[in-house]
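J.: I'd like to ask some things about the structure below.
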Amino acid sequence: MVSLRFVGGAMTVEELLAQVKGSSTDLMRIIEAAERPEWRAWWGALRAVQAWERRAPGAWPRVRSWLDSQGKPVVIV
């Protein structure tokens, strides 16, 4: 079980998925894909990130922190 360090405690992948699941975004798919070893980085559009920030404030920073903790760089184009 992977654990994330956030202010106020640790978060598991399962907890992160549960938080993102209720949002109207596709962040859950990113988390699930990033668990695969062949998935080395996330490349995404700035518009997608902006939409996530509007639809589910706070969700993208959590996912990005998790990607960072997994050693998977985030490239926003």
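A note on labels: chains of the structure tokens are A, B, ... as shown, every chain counts residues from 1, and ligands are counted from 1 in their shown order.
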With DSSP run on the backbone, what are the alpha helix (DSSP H) residues within chain A? I'd like them as JSON, numbers by chain.

T.: {"A": [13, 14, 15, 16, 17, 18, 19, 20, 21, 27, 28, 29, 30, 31, 32, 33, 34, 46, 47, 48, 49, 50, 51, 52, 53, 54, 55, 59, 60, 61, 62, 63, 64, 65, 66, 67, 68, 69]}

J.: Take the residues that were just selected and, keeping N, CA and C atoms, output them as a short mmCIF file (atom, residue, chain, number, x, y, z; two decimals), in the first residue's frame.

T.:
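Final output, part_16.cif:
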data_model
loop_
_atom_site.label_atom_id
_atom_site.label_comp_id
_atom_site.auth_asym_id
_atom_site.auth_seq_id
_atom_site.Cartn_x
_atom_site.Cartn_y
_atom_site.Cartn_z
N VAL A 13 -3.35 5.24 -1.61
CA VAL A 13 -3.87 5.33 -2.97
C VAL A 13 -5.38 5.11 -2.96
N GLU A 14 -5.82 4.15 -2.16
CA GLU A 14 -7.25 3.87 -2.08
C GLU A 14 -8.04 5.07 -1.57
N GLU A 15 -7.50 5.77 -0.59
CA GLU A 15 -8.15 6.98 -0.09
C GLU A 15 -8.18 8.08 -1.15
N LEU A 16 -7.08 8.21 -1.88
CA LEU A 16 -7.03 9.21 -2.95
C LEU A 16 -8.07 8.88 -4.02
N LEU A 17 -8.14 7.62 -4.42
CA LEU A 17 -9.14 7.21 -5.42
C LEU A 17 -10.55 7.50 -4.92
N ALA A 18 -10.80 7.23 -3.64
CA ALA A 18 -12.14 7.47 -3.08
C ALA A 18 -12.48 8.96 -3.12
N GLN A 19 -11.51 9.82 -2.85
CA GLN A 19 -11.77 11.26 -2.88
C GLN A 19 -12.02 11.76 -4.29
N VAL A 20 -11.31 11.23 -5.24
CA VAL A 20 -11.42 11.69 -6.63
C VAL A 20 -12.64 11.06 -7.31
N LYS A 21 -13.05 9.90 -6.85
CA LYS A 21 -14.16 9.17 -7.49
C LYS A 21 -15.43 10.01 -7.57
N LEU A 27 -9.70 12.22 -13.30
CA LEU A 27 -8.49 12.04 -12.51
C LEU A 27 -8.32 10.60 -12.02
N MET A 28 -9.39 9.92 -11.78
CA MET A 28 -9.32 8.54 -11.32
C MET A 28 -8.59 7.67 -12.35
N ARG A 29 -8.87 7.90 -13.62
CA ARG A 29 -8.20 7.13 -14.69
C ARG A 29 -6.70 7.39 -14.69
N ILE A 30 -6.30 8.62 -14.39
CA ILE A 30 -4.88 8.95 -14.35
C ILE A 30 -4.20 8.20 -13.21
N ILE A 31 -4.83 8.17 -12.06
CA ILE A 31 -4.27 7.46 -10.91
C ILE A 31 -4.13 5.98 -11.23
N GLU A 32 -5.17 5.39 -11.79
CA GLU A 32 -5.14 3.96 -12.12
C GLU A 32 -4.06 3.66 -13.16
N ALA A 33 -3.91 4.51 -14.16
CA ALA A 33 -2.89 4.30 -15.20
C ALA A 33 -1.49 4.47 -14.63
N ALA A 34 -1.32 5.43 -13.74
CA ALA A 34 0.00 5.72 -13.18
C ALA A 34 0.52 4.61 -12.30
N LEU A 46 -2.86 22.01 -20.47
CA LEU A 46 -3.16 23.02 -19.47
C LEU A 46 -4.67 23.17 -19.30
N ARG A 47 -5.41 23.09 -20.39
CA ARG A 47 -6.88 23.22 -20.30
C ARG A 47 -7.50 22.13 -19.43
N ALA A 48 -6.96 20.92 -19.50
CA ALA A 48 -7.47 19.83 -18.66
C ALA A 48 -7.23 20.14 -17.18
N VAL A 49 -6.04 20.61 -16.87
CA VAL A 49 -5.72 20.96 -15.48
C VAL A 49 -6.63 22.09 -15.00
N GLN A 50 -6.83 23.09 -15.83
CA GLN A 50 -7.71 24.20 -15.44
C GLN A 50 -9.14 23.72 -15.21
N ALA A 51 -9.60 22.80 -16.04
CA ALA A 51 -10.96 22.26 -15.87
C ALA A 51 -11.06 21.49 -14.57
N TRP A 52 -10.05 20.69 -14.24
CA TRP A 52 -10.07 19.95 -12.96
C TRP A 52 -10.10 20.90 -11.79
N GLU A 53 -9.33 21.98 -11.88
CA GLU A 53 -9.30 22.95 -10.79
C GLU A 53 -10.65 23.63 -10.60
N ARG A 54 -11.41 23.81 -11.69
CA ARG A 54 -12.74 24.40 -11.58
C ARG A 54 -13.75 23.39 -11.04
N ARG A 55 -13.72 22.17 -11.58
CA ARG A 55 -14.73 21.16 -11.23
C ARG A 55 -14.51 20.49 -9.88
N ALA A 59 -8.52 18.55 -5.86
CA ALA A 59 -8.27 17.18 -6.33
C ALA A 59 -6.97 17.10 -7.13
N TRP A 60 -6.76 18.01 -8.07
CA TRP A 60 -5.55 17.95 -8.89
C TRP A 60 -4.28 18.08 -8.04
N PRO A 61 -4.20 19.02 -7.08
CA PRO A 61 -2.99 19.09 -6.26
C PRO A 61 -2.70 17.77 -5.53
N ARG A 62 -3.75 17.09 -5.07
CA ARG A 62 -3.55 15.79 -4.41
C ARG A 62 -2.99 14.77 -5.38
N VAL A 63 -3.59 14.72 -6.58
CA VAL A 63 -3.13 13.75 -7.58
C VAL A 63 -1.70 14.08 -8.02
N ARG A 64 -1.43 15.34 -8.23
CA ARG A 64 -0.07 15.74 -8.64
C ARG A 64 0.95 15.37 -7.56
N SER A 65 0.63 15.60 -6.31
CA SER A 65 1.52 15.22 -5.21
C SER A 65 1.76 13.72 -5.20
N TRP A 66 0.70 12.97 -5.46
CA TRP A 66 0.83 11.52 -5.51
C TRP A 66 1.74 11.10 -6.67
N LEU A 67 1.54 11.70 -7.85
CA LEU A 67 2.41 11.40 -8.99
C LEU A 67 3.86 11.70 -8.64
N ASP A 68 4.10 12.84 -8.01
CA ASP A 68 5.46 13.20 -7.59
C ASP A 68 6.03 12.14 -6.63
N SER A 69 5.21 11.69 -5.69
CA SER A 69 5.67 10.69 -4.71
C SER A 69 5.99 9.36 -5.37
#
